[in-house]
Amino acid sequence: QVQLVESGGGLVQAGGSLRLSCAASRGTFSSTRMGWFLQAPGKEREFVAAISWSGNSTNYAESVKGRFTISRDNAKNTVYLQMNSLKPDDTAVYYCAAKYDWQTVVVGATTPNAYDFWGQGTQVTVSS
């Protein structure tokens, strides 16, 4: 069982930046593949980014490539999502997710059912 708590959300103007953090407790964080998803009101949860247990492999949604960066610090049991050049369309609740996975390359892992553990979410609002 991995418990996840997101932080770092807030209100930012278009073009601004935010860094989300997701702190893990219980379980073995360094053995997990981690992902970030977003969910806008009335829409399904959608994939943003994923990172392998080692941090050496990442995968991004096309809509955030070049703007968002996922990273992790296994010593701190934390995964991050650096979000730059934010747009109003990025407004959503952002969730981090985890699954025990020793694969060195992140392949797929872009759907919610590819993860077993979820945080409670943090709101990101981008004003125009």
# chains A, B, ... in the order shown; residues from 1 in each chain; ligands from 1
>>> residues_around(residues="stretch 67-70 of chain A", least_positions_apart="2", cutoff="12 Å", atoms="only C-alpha atoms", output="PyMOL selection string")
chain A and resi 15-22+33-37+48-52+55-65+72-73+78-87+90+96
>>> select_by_dssp(residues="chain A", states="helix (DSSP H, G or I)", output="ChimeraX atom specification")
/A:29-31,62-64,88-90,112-114
>>> write_last_selection(atoms="C-alpha atoms", output="PDB file, in the first residue's frame")
ATOM      1  CA  PHE A  29       8.503   4.345  -3.300  1.00  0.00           C
ATOM      2  CA  SER A  30      11.712   3.474  -5.158  1.00  0.00           C
ATOM      3  CA  SER A  31       9.978   0.414  -6.632  1.00  0.00           C
ATOM      4  CA  GLU A  62       1.453  15.491 -26.418  1.00  0.00           C
ATOM      5  CA  SER A  63      -0.369  18.474 -24.960  1.00  0.00           C
ATOM      6  CA  VAL A  64       2.319  19.059 -22.311  1.00  0.00           C
ATOM      7  CA  PRO A  88      -6.098  28.165 -19.193  1.00  0.00           C
ATOM      8  CA  ASP A  89      -6.752  24.709 -20.693  1.00  0.00           C
ATOM      9  CA  ASP A  90      -4.391  23.259 -18.061  1.00  0.00           C
ATOM     10  CA  PRO A 112      -5.803   5.362 -14.974  1.00  0.00           C
ATOM     11  CA  ASN A 113      -6.180   1.584 -14.728  1.00  0.00           C
ATOM     12  CA  ALA A 114      -2.391   1.249 -15.166  1.00  0.00           C
TER      13      ALA A 114
END
>>> select_by_dssp(residues="chain A", states="strand (DSSP E or B)", output="ChimeraX atom specification")
/A:3-7,10-13,18-25,32-39,46-51,58-60,68-73,78-83,92-100,117-118,122-127
>>> residues_around(residues="A:Gly9", least_positions_apart="5", cutoff="7 Å", atoms="only C-alpha atoms", output="tab-separated table (two decimals) with C-alpha atoms, in the first residue's frame")
chain	number	residue	atom	x	y	z
A	20	LEU	CA	3.51	20.14	-7.98
A	122	THR	CA	-4.53	19.33	-5.97
A	123	GLN	CA	-6.33	22.12	-7.83
A	124	VAL	CA	-4.52	24.08	-10.53
>>> closest_residue(among="A:Ser128, A:Ser7, A:Gln1, A:Thr32", to="A:Tyr94", atoms="only C-alpha atoms")
A:Ser7
>>> closest_residue(among="A:Trp53, A:Gly108, A:Lys43, A:Val12", to="A:Asn74", atoms="only C-alpha atoms")
A:Trp53
